[in-house]
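Okay, target-v2.txt now, which holds compact mmCIF, C-alpha atoms:
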```txt
# COMPACT_ATOMS: atom_id res chain seq x y z
CA MET U 133 -17.30 36.06 18.53
CA THR U 134 -17.21 35.01 22.14
CA GLY U 135 -17.12 37.56 24.89
CA GLU U 136 -14.08 35.83 26.36
CA HIS U 137 -12.06 36.40 23.18
CA SER U 138 -13.13 40.05 22.91
CA ASP U 139 -12.28 40.69 26.55
CA GLU U 140 -8.74 39.46 25.95
CA ILE U 141 -8.15 42.26 23.44
CA PRO U 142 -7.05 45.59 24.95
CA ALA U 143 -9.20 48.64 24.35
CA LEU U 144 -7.77 51.45 22.26
CA ASP U 145 -6.23 54.25 24.32
CA GLN U 146 -7.40 57.59 22.95
CA THR U 147 -4.86 59.61 24.93
CA ALA U 148 -1.91 57.48 23.82
CA LEU U 149 -3.10 57.52 20.21
CA THR U 150 -3.49 61.29 20.27
CA ASP U 151 -0.02 61.73 21.73
CA ALA U 152 1.45 59.48 19.01
CA ILE U 153 -0.50 60.80 16.02
CA VAL U 154 -1.32 64.49 16.55
CA ARG U 155 1.68 66.78 16.22
CA PRO U 156 2.31 70.43 15.27
CA GLY U 157 2.42 70.92 11.51
CA GLY U 158 1.09 67.43 10.81
CA LEU U 159 -2.08 66.40 9.00
CA TRP U 160 -3.90 64.88 11.96
CA ARG U 161 -5.78 67.29 14.23
CA SER U 162 -7.68 64.95 16.56
CA VAL U 163 -8.28 61.27 17.26
CA GLU U 164 -11.48 60.23 19.06
CA VAL U 165 -12.25 56.66 20.13
CA VAL U 166 -15.91 55.82 20.82
CA PRO U 167 -17.12 52.54 22.32
CA GLU U 168 -19.81 52.03 19.68
CA ALA U 169 -20.97 53.63 16.44
CA GLY U 170 -23.50 52.79 13.80
CA SER U 171 -21.13 53.97 11.07
CA THR U 172 -18.02 56.06 11.61
CA ASN U 173 -18.40 57.32 8.02
CA THR U 174 -21.94 58.55 8.68
CA ASP U 175 -20.97 60.19 11.96
CA LEU U 176 -17.90 61.90 10.50
CA ALA U 177 -19.82 63.04 7.40
CA ILE U 178 -22.22 64.86 9.72
CA ARG U 179 -19.28 66.52 11.44
CA SER U 180 -17.85 67.47 8.04
CA LYS U 181 -21.07 69.31 7.19
CA ASP U 182 -20.79 71.06 10.56
CA GLY U 183 -17.29 72.30 9.61
CA ALA U 184 -14.99 69.75 11.24
CA PRO U 185 -11.38 70.41 10.25
CA GLU U 186 -9.23 68.34 7.95
CA GLY U 187 -7.35 65.69 9.89
CA THR U 188 -10.24 64.61 12.13
CA VAL U 189 -10.12 60.86 12.89
CA LEU U 190 -13.00 58.87 14.42
CA VAL U 191 -12.41 55.31 15.65
CA THR U 192 -14.90 52.86 17.14
CA GLU U 193 -14.47 49.70 19.16
CA HIS U 194 -17.75 48.27 17.83
CA GLN U 195 -19.47 49.22 14.57
CA THR U 196 -23.11 48.16 14.34
CA ALA U 197 -24.27 49.56 10.98
CA GLY U 198 -21.22 49.88 8.75
CA LYS U 199 -21.62 50.99 5.15
CA GLY U 200 -20.05 49.34 2.13
CA ARG U 201 -20.27 50.18 -1.55
CA LEU U 202 -23.74 50.38 -3.14
CA GLY U 203 -25.45 50.50 0.24
CA ARG U 204 -24.20 47.13 1.47
CA GLY U 205 -24.21 46.91 5.25
CA PHE U 206 -22.00 45.09 7.76
CA THR U 207 -21.29 44.90 11.48
CA THR U 208 -17.97 44.65 13.28
CA PRO U 209 -17.71 42.63 16.51
CA GLU U 210 -16.29 44.50 19.48
CA ARG U 211 -12.51 45.09 19.48
CA VAL U 212 -11.61 42.49 16.86
CA ALA U 213 -11.19 44.92 13.95
CA LEU U 214 -9.64 48.30 13.33
CA THR U 215 -12.64 50.40 12.32
CA PHE U 216 -12.23 54.12 11.69
CA SER U 217 -12.88 57.05 9.38
CA LEU U 218 -10.85 60.15 8.59
CA LEU U 219 -11.71 63.52 7.10
CA VAL U 220 -9.58 65.40 4.58
CA ARG U 221 -10.26 68.56 2.58
CA PRO U 222 -7.91 68.36 -0.41
CA SER U 223 -7.42 71.49 -2.51
CA VAL U 224 -7.36 69.62 -5.82
CA PRO U 225 -9.57 69.64 -8.94
CA SER U 226 -12.82 67.78 -8.28
CA GLU U 227 -12.15 65.25 -11.05
CA ARG U 228 -9.11 64.05 -9.07
CA LEU U 229 -10.95 63.39 -5.81
CA GLY U 230 -11.46 59.78 -6.87
CA TRP U 231 -7.87 59.07 -5.85
CA VAL U 232 -8.52 59.60 -2.11
CA SER U 233 -9.98 56.13 -1.62
CA PRO U 234 -7.22 54.30 -3.56
CA LEU U 235 -4.72 56.38 -1.55
CA MET U 236 -6.16 54.88 1.62
CA GLY U 237 -5.86 51.43 0.06
CA VAL U 238 -2.19 51.93 -0.77
CA ALA U 239 -1.53 53.26 2.74
CA ALA U 240 -3.30 50.28 4.30
CA VAL U 241 -1.27 47.81 2.24
CA ALA U 242 1.98 49.52 3.24
CA ALA U 243 0.99 49.58 6.92
CA VAL U 244 -0.14 45.95 7.04
CA ARG U 245 3.05 44.78 5.36
CA GLU U 246 5.19 46.86 7.73
CA VAL U 247 3.47 45.99 10.99
CA SER U 248 2.44 42.37 10.42
CA GLY U 249 4.53 41.07 7.54
CA VAL U 250 1.36 39.81 5.84
CA PRO U 251 1.76 40.26 2.05
CA ALA U 252 -1.31 42.44 1.56
CA ALA U 253 -2.35 43.71 -1.86
CA LEU U 254 -5.26 45.57 -3.45
CA LYS U 255 -8.20 44.51 -5.56
CA TRP U 256 -9.51 47.36 -7.68
CA PRO U 257 -10.71 49.77 -6.52
CA ASN U 258 -9.64 49.48 -2.89
CA ASP U 259 -10.32 46.16 -1.17
CA VAL U 260 -7.29 45.05 0.84
CA LEU U 261 -6.56 41.39 0.13
CA VAL U 262 -4.20 38.62 1.09
CA PRO U 263 -3.53 36.82 -2.21
CA GLY U 264 -3.91 33.03 -2.07
CA GLU U 265 -3.29 30.09 -4.38
CA GLU U 266 -6.96 29.10 -4.57
CA ARG U 267 -8.60 32.42 -3.76
CA ASP U 268 -7.78 35.80 -2.27
CA GLY U 269 -8.90 36.63 1.27
CA LYS U 270 -10.47 40.02 1.92
CA LEU U 271 -8.74 41.71 4.83
CA ALA U 272 -10.31 45.18 4.69
CA GLY U 273 -12.91 47.24 2.90
CA ILE U 274 -12.70 50.97 2.25
CA LEU U 275 -15.44 53.49 1.46
CA ALA U 276 -15.04 57.19 0.60
CA GLU U 277 -17.81 59.77 0.61
CA ALA U 278 -17.51 63.36 -0.58
CA ASP U 279 -19.22 66.28 1.15
CA PHE U 280 -19.91 69.16 -1.27
CA SER U 281 -22.10 71.15 1.14
CA ASP U 282 -19.43 73.87 1.14
CA PRO U 283 -17.99 74.12 -2.41
CA ASP U 284 -15.01 76.09 -1.09
CA ARG U 285 -14.10 73.41 1.47
CA VAL U 286 -15.00 70.05 -0.05
CA GLY U 287 -14.64 67.26 2.48
CA VAL U 288 -13.86 63.63 1.80
CA VAL U 289 -14.57 61.06 4.51
CA VAL U 290 -12.72 57.76 4.09
CA GLY U 291 -13.59 54.79 6.27
CA MET U 292 -11.94 51.41 6.68
CA GLY U 293 -12.73 48.21 8.53
CA LEU U 294 -9.65 45.99 8.83
CA ASN U 295 -10.00 42.48 10.27
CA VAL U 296 -7.40 41.99 12.97
CA SER U 297 -8.21 39.40 15.64
CA GLN U 298 -11.04 37.27 14.24
CA ARG U 299 -10.42 33.53 14.26
CA ARG U 300 -11.07 31.92 10.90
CA ASP U 301 -14.30 30.39 12.24
CA ASP U 302 -15.51 33.84 13.30
CA LEU U 303 -15.24 35.38 9.84
CA PRO U 304 -18.60 36.04 8.18
CA VAL U 305 -17.81 34.54 4.75
CA GLU U 306 -15.22 32.15 3.33
CA THR U 307 -13.70 34.91 1.22
CA ALA U 308 -12.81 36.99 4.30
CA THR U 309 -9.62 36.78 6.30
CA SER U 310 -7.96 38.52 9.24
CA LEU U 311 -4.42 39.12 10.42
CA ARG U 312 -4.95 36.46 13.08
CA ALA U 313 -6.20 33.98 10.46
CA GLU U 314 -3.04 34.73 8.48
CA GLY U 315 -0.89 33.74 11.46
CA THR U 316 -0.18 37.12 13.09
CA ALA U 317 -2.20 36.98 16.31
CA ARG U 318 -0.22 39.57 18.26
CA VAL U 319 -0.63 42.64 16.04
CA GLY U 320 -2.10 45.53 18.02
CA ARG U 321 -4.82 47.75 16.59
CA ASP U 322 -3.18 50.87 18.01
CA GLU U 323 0.08 50.08 16.20
CA LEU U 324 -1.85 49.42 12.99
CA LEU U 325 -3.77 52.67 13.23
CA ARG U 326 -0.61 54.68 13.76
CA ALA U 327 1.01 52.96 10.77
CA VAL U 328 -1.98 53.46 8.47
CA LEU U 329 -2.32 57.14 9.34
CA ALA U 330 1.42 57.74 8.92
CA ALA U 331 1.39 56.01 5.52
CA PHE U 332 -1.73 57.94 4.49
CA GLU U 333 -0.25 61.30 5.52
CA GLU U 334 2.99 60.70 3.63
CA ARG U 335 1.15 59.91 0.39
CA TYR U 336 -1.55 62.54 0.87
CA VAL U 337 1.00 65.32 1.28
CA ALA U 338 2.76 64.27 -1.93
CA TRP U 339 -0.54 63.90 -3.84
CA THR U 340 -1.91 67.28 -2.79
CA ALA U 341 1.45 68.95 -3.48
CA ALA U 342 1.02 67.68 -7.04
CA SER U 343 -2.50 69.21 -7.16
CA GLY U 344 -4.03 65.76 -7.08
CA ASP U 345 -2.08 64.53 -10.10
CA ALA U 346 -1.57 60.89 -9.15
CA GLU U 347 0.91 60.33 -11.95
CA ALA U 348 3.15 63.26 -11.01
CA GLY U 349 2.87 62.56 -7.27
CA GLY U 350 3.82 58.88 -7.63
CA LEU U 351 0.54 57.55 -6.23
CA ALA U 352 -0.65 55.98 -9.48
CA ASP U 353 2.55 53.98 -9.95
CA GLU U 354 2.49 52.72 -6.37
CA TYR U 355 -1.16 51.75 -6.70
CA ARG U 356 -0.47 49.76 -9.87
CA ARG U 357 2.39 47.92 -8.18
CA VAL U 358 0.18 46.60 -5.38
CA CYS U 359 -3.04 46.00 -7.36
CA VAL U 360 -3.40 42.29 -8.13
CA THR U 361 -6.43 42.89 -10.37
CA LEU U 362 -4.20 44.14 -13.16
CA GLY U 363 -3.35 41.55 -15.79
CA ARG U 364 -6.07 39.16 -14.63
CA ARG U 365 -9.11 37.94 -16.54
CA VAL U 366 -12.18 39.52 -14.92
CA ARG U 367 -15.95 39.37 -15.09
CA VAL U 368 -17.33 42.84 -14.35
CA HIS U 369 -20.92 42.97 -13.21
CA LEU U 370 -22.54 46.24 -14.30
CA PRO U 371 -25.91 47.77 -13.34
CA GLY U 372 -28.91 46.28 -15.10
CA ASP U 373 -27.50 42.74 -14.95
CA ARG U 374 -25.00 43.56 -17.68
CA LEU U 375 -21.69 41.71 -17.81
CA LEU U 376 -18.30 42.69 -19.22
CA GLU U 377 -15.62 40.04 -19.59
CA GLY U 378 -12.02 40.70 -20.48
CA THR U 379 -8.58 41.45 -19.09
CA ALA U 380 -7.94 44.16 -16.51
CA ALA U 381 -5.40 46.01 -18.64
CA ARG U 382 -4.51 48.98 -16.46
CA VAL U 383 -5.67 51.69 -14.07
CA ASP U 384 -5.67 55.06 -15.78
CA ALA U 385 -4.80 58.54 -14.48
CA GLN U 386 -8.35 58.98 -13.14
CA ALA U 387 -8.24 55.73 -11.11
CA ARG U 388 -10.57 54.01 -13.61
CA LEU U 389 -10.16 50.31 -14.39
CA VAL U 390 -9.53 49.79 -18.09
CA VAL U 391 -10.84 46.41 -19.23
CA ALA U 392 -9.81 45.02 -22.61
CA GLY U 393 -12.79 43.06 -23.91
CA PRO U 394 -13.99 41.59 -27.19
CA THR U 395 -15.11 45.00 -28.50
CA GLY U 396 -12.08 46.96 -27.33
CA GLU U 397 -11.15 48.79 -24.13
CA LYS U 398 -13.62 50.24 -21.67
CA ALA U 399 -12.72 52.52 -18.75
CA LEU U 400 -14.87 51.96 -15.66
CA ASN U 401 -15.42 54.33 -12.75
CA VAL U 402 -16.07 52.88 -9.30
CA GLY U 403 -19.70 54.01 -9.51
CA ASP U 404 -20.16 52.11 -12.79
CA VAL U 405 -19.43 48.72 -11.24
CA VAL U 406 -21.42 46.34 -9.03
CA HIS U 407 -18.74 43.62 -8.70
CA VAL U 408 -15.41 42.67 -10.22
CA ARG U 409 -14.92 38.89 -10.12
CA PRO U 410 -12.11 36.66 -11.37
CA GLY U 411 -12.78 35.57 -14.94
CA GLY U 412 -12.25 32.29 -16.67
```

Produce structure tokens that represent the structure in this file.
Amino acid sequence: MTGEHSDEIPALDQTALTDAIVRPGGLWRSVEVVPEAGSTNTDLAIRSKDGAPEGTVLVTEHQTAGKGRLGRGFTTPERVALTFSLLVRPSVPSERLGWVSPLMGVAAVAAVREVSGVPAALKWPNDVLVPGEERDGKLAGILAEADFSDPDRVGVVVGMGLNVSQRRDDLPVETATSLRAEGTARVGRDELLRAVLAAFEERYVAWTAASGDAEAGGLADEYRRVCVTLGRRVRVHLPGDRLLEGTAARVDAQARLVVAGPTGEKALNVGDVVHVRPGG
């Protein structure tokens, strides 16, 4: 990423974002923009342990040591992506906390579609994609981490890195994409952040009102509608170099992927899976 291109992109305005996002009676309590962070998830998880309130949002212009699933690392060039984490403390049964990350995925899809018109979708569990004829392009990754240091106030930190202004040549791998690469060069990160947080709040309020029941709160149905993994042949890479091949039949009430294979159906938690690839 050239410095010239980065310099053309306006910095995020913390005051304007706070004025637009934080309101009495709403979910969001504070929005902080920092020029650089190793990982917004790591930094916000530390604040969670120190008692930070639900609704804390941490955004960075430049992430240098981002965290993906299974310890995978990544960096985000300055200003070209929307990189942030949020903290919630849902009063729901612990077995339903697995829906927080898919909830962020559904919110991101809704926001991207609304703001940019790009037909975003989800790959199970929560990668934001732009479906393509030959292959899907990954637009954003999402990672959730639970903080059980205070059993009475469990915290969940959810982070997302969404590619906004990278040119196609700037993307790290062929399977990645950005809003700019999809033909929407003028989408602002501030507008995207406001849209994602609004979409997240709307769904989070409904989900927690249903005590985390994703079926009753409507979250499960919305997730299934935007998840392109469902109905596809998949090759699921499991720990220990094991492989499961079959059809992604459905996502169940616990956000597990149910794969119909040669020996029947198997329900997979996020932590059970290394990769889900398209199958033959």

Legend entry - Near-Gly230 in chain U list (8 Å; all atoms listed in the file; drop same-chain fewer than 3 positions) as a PyMOL selection string: chain U and resi 227+233-234+386-387

Legend entry - Option closest in space to Val337 in chain U, from U:Ser162, U:Ser223, U:Ser217, U:Thr196 [counting all atoms listed in the file]: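 Nearest candidate to Val337 in chain U out of U:Ser162, U:Ser223, U:Ser217, U:Thr196: U:Ser223.
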
Mind running range 230-298 of chain U against range 315-323 of chain U at 9 Å and telling me each contacting residue's nearest atom pair with the distance in Å (one decimal), counting all atoms listed in the file, chain and number ascending, as CSV?
```
residue,atom,partner,partner_atom,distance
U:Val247,CA,U:Val319,CA,7.3
U:Ser248,CA,U:Val319,CA,6.4
U:Gly249,CA,U:Thr316,CA,8.3
U:Val250,CA,U:Thr316,CA,7.9
U:Val296,CA,U:Arg321,CA,7.3
U:Ser297,CA,U:Ala317,CA,6.5
```

Inset, instruction - Kindly indicate which residue among U:Val290, U:Leu362, U:Ala169, U:Ala380 lies nearest to Arg221 in chain U, using all atoms listed in the file for the distances. - result: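 The shortest atom-to-atom distance to Arg221 in chain U comes from U:Val290.
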
Legend entry - Distance of CA of Glu377 in chain U from CA of Arg365 in chain U, expressed in Å to one decimal place: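 Separation of CA of Arg365 in chain U and CA of Glu377 in chain U: 7.5 Å.
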
Inset, instruction - Excluding Val406 in chain U and residues on its chain fewer than 2 positions from it, collect all residues at most 8 Å away from it, counting only C-alpha atoms, and give them as a PyMOL selection string. - result: chain U and resi 202+368-371+403-404+408

Legend entry - Counting only C-alpha atoms, the residue of U:Ala385, U:Val165, U:Cys359, U:Ala152 that sits nearest Trp256 in chain U: U:Cys359

Legend entry - All residues 12 Å or closer to Gly183 in chain U, all atoms listed in the file, same chain fewer than 6 positions away omitted, as a list in words: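 My list of contacting residues is Leu176, Ala177, Leu219, Val220, Arg221, Asp279, Phe280, Ser281, Asp282, Asp284, Arg285, Val286 and Gly287 of chain U.
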
Inset, instruction - Find the residue from U:Arg228, U:Ala327, U:Met292, U:Asn258 that sits nearest to Ala243 in chain U; use all atoms listed in the file when measuring. - result: U:Ala327

Inset, instruction - Fewer than 6 positions away in the same chain doesn't count, so skip those; otherwise give me all residues within 12 Å of Leu376 in chain U, counting all atoms listed in the file, as an MDAnalysis selection string. - result: chainID U and resid 365:370 390:400 404:411

Inset, instruction - Place a sphere of radius 7 Å on (-0.7, 52.4, 2.4) in the file coordinates and name every protein, DNA or RNA residue with an atom inside or on its surface, counting all atoms listed in the file; give the answer as number ranges by chain. - result: U: 235-243, 328, 331-332

Would you mind exporting C-alpha atoms of the selected residues as a PDB file, in the frame of the given file?
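Once written, again27.pdb looks like this:
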```pdb
ATOM      1  CA  LEU U 235      -4.720  56.380  -1.550  1.00  0.00           C
ATOM      2  CA  MET U 236      -6.160  54.880   1.620  1.00  0.00           C
ATOM      3  CA  GLY U 237      -5.860  51.430   0.060  1.00  0.00           C
ATOM      4  CA  VAL U 238      -2.190  51.930  -0.770  1.00  0.00           C
ATOM      5  CA  ALA U 239      -1.530  53.260   2.740  1.00  0.00           C
ATOM      6  CA  ALA U 240      -3.300  50.280   4.300  1.00  0.00           C
ATOM      7  CA  VAL U 241      -1.270  47.810   2.240  1.00  0.00           C
ATOM      8  CA  ALA U 242       1.980  49.520   3.240  1.00  0.00           C
ATOM      9  CA  ALA U 243       0.990  49.580   6.920  1.00  0.00           C
ATOM     10  CA  VAL U 328      -1.980  53.460   8.470  1.00  0.00           C
ATOM     11  CA  ALA U 331       1.390  56.010   5.520  1.00  0.00           C
ATOM     12  CA  PHE U 332      -1.730  57.940   4.490  1.00  0.00           C
TER      13      PHE U 332
END
```

Taking the partial coordinates given, rebuild range 312-329 of chain U to contain N, CA and C atoms; return it as a PDB file, in the frame of the given file.
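Once everything was written out, this is rebuild_16.pdb:
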```pdb
ATOM      1  N   ARG U 312      -5.091  37.653  12.231  1.00  0.00           N
ATOM      2  CA  ARG U 312      -4.950  36.460  13.080  1.00  0.00           C
ATOM      3  C   ARG U 312      -5.055  35.186  12.241  1.00  0.00           C
ATOM      4  N   ALA U 313      -6.028  35.159  11.318  1.00  0.00           N
ATOM      5  CA  ALA U 313      -6.200  33.980  10.460  1.00  0.00           C
ATOM      6  C   ALA U 313      -5.004  33.757   9.555  1.00  0.00           C
ATOM      7  N   GLU U 314      -4.245  34.841   9.305  1.00  0.00           N
ATOM      8  CA  GLU U 314      -3.040  34.730   8.480  1.00  0.00           C
ATOM      9  C   GLU U 314      -1.792  34.443   9.315  1.00  0.00           C
ATOM     10  N   GLY U 315      -2.001  34.175  10.627  1.00  0.00           N
ATOM     11  CA  GLY U 315      -0.890  33.740  11.460  1.00  0.00           C
ATOM     12  C   GLY U 315      -0.201  34.834  12.252  1.00  0.00           C
ATOM     13  N   THR U 316      -0.810  36.022  12.332  1.00  0.00           N
ATOM     14  CA  THR U 316      -0.180  37.120  13.090  1.00  0.00           C
ATOM     15  C   THR U 316      -1.132  37.570  14.203  1.00  0.00           C
ATOM     16  N   ALA U 317      -1.204  36.770  15.250  1.00  0.00           N
ATOM     17  CA  ALA U 317      -2.200  36.980  16.310  1.00  0.00           C
ATOM     18  C   ALA U 317      -1.861  38.149  17.219  1.00  0.00           C
ATOM     19  N   ARG U 318      -0.625  38.596  17.245  1.00  0.00           N
ATOM     20  CA  ARG U 318      -0.220  39.570  18.260  1.00  0.00           C
ATOM     21  C   ARG U 318      -0.133  41.008  17.740  1.00  0.00           C
ATOM     22  N   VAL U 319      -0.657  41.271  16.570  1.00  0.00           N
ATOM     23  CA  VAL U 319      -0.630  42.640  16.040  1.00  0.00           C
ATOM     24  C   VAL U 319      -1.652  43.484  16.794  1.00  0.00           C
ATOM     25  N   GLY U 320      -1.214  44.647  17.284  1.00  0.00           N
ATOM     26  CA  GLY U 320      -2.100  45.530  18.020  1.00  0.00           C
ATOM     27  C   GLY U 320      -2.802  46.521  17.109  1.00  0.00           C
ATOM     28  N   ARG U 321      -4.068  46.803  17.423  1.00  0.00           N
ATOM     29  CA  ARG U 321      -4.820  47.750  16.590  1.00  0.00           C
ATOM     30  C   ARG U 321      -4.264  49.167  16.697  1.00  0.00           C
ATOM     31  N   ASP U 322      -3.742  49.530  17.867  1.00  0.00           N
ATOM     32  CA  ASP U 322      -3.180  50.870  18.010  1.00  0.00           C
ATOM     33  C   ASP U 322      -1.959  51.046  17.108  1.00  0.00           C
ATOM     34  N   GLU U 323      -1.102  50.028  17.059  1.00  0.00           N
ATOM     35  CA  GLU U 323       0.080  50.080  16.200  1.00  0.00           C
ATOM     36  C   GLU U 323      -0.338  50.155  14.724  1.00  0.00           C
ATOM     37  N   LEU U 324      -1.352  49.391  14.370  1.00  0.00           N
ATOM     38  CA  LEU U 324      -1.850  49.420  12.990  1.00  0.00           C
ATOM     39  C   LEU U 324      -2.404  50.786  12.623  1.00  0.00           C
ATOM     40  N   LEU U 325      -3.190  51.362  13.530  1.00  0.00           N
ATOM     41  CA  LEU U 325      -3.770  52.670  13.230  1.00  0.00           C
ATOM     42  C   LEU U 325      -2.688  53.716  13.047  1.00  0.00           C
ATOM     43  N   ARG U 326      -1.696  53.719  13.905  1.00  0.00           N
ATOM     44  CA  ARG U 326      -0.610  54.680  13.760  1.00  0.00           C
ATOM     45  C   ARG U 326       0.100  54.493  12.418  1.00  0.00           C
ATOM     46  N   ALA U 327       0.312  53.240  12.028  1.00  0.00           N
ATOM     47  CA  ALA U 327       1.010  52.960  10.770  1.00  0.00           C
ATOM     48  C   ALA U 327       0.182  53.376   9.563  1.00  0.00           C
ATOM     49  N   VAL U 328      -1.118  53.087   9.595  1.00  0.00           N
ATOM     50  CA  VAL U 328      -1.980  53.460   8.470  1.00  0.00           C
ATOM     51  C   VAL U 328      -2.033  54.982   8.316  1.00  0.00           C
ATOM     52  N   LEU U 329      -2.221  55.676   9.429  1.00  0.00           N
ATOM     53  CA  LEU U 329      -2.320  57.140   9.340  1.00  0.00           C
ATOM     54  C   LEU U 329      -0.998  57.766   8.915  1.00  0.00           C
TER      55      LEU U 329
END
```
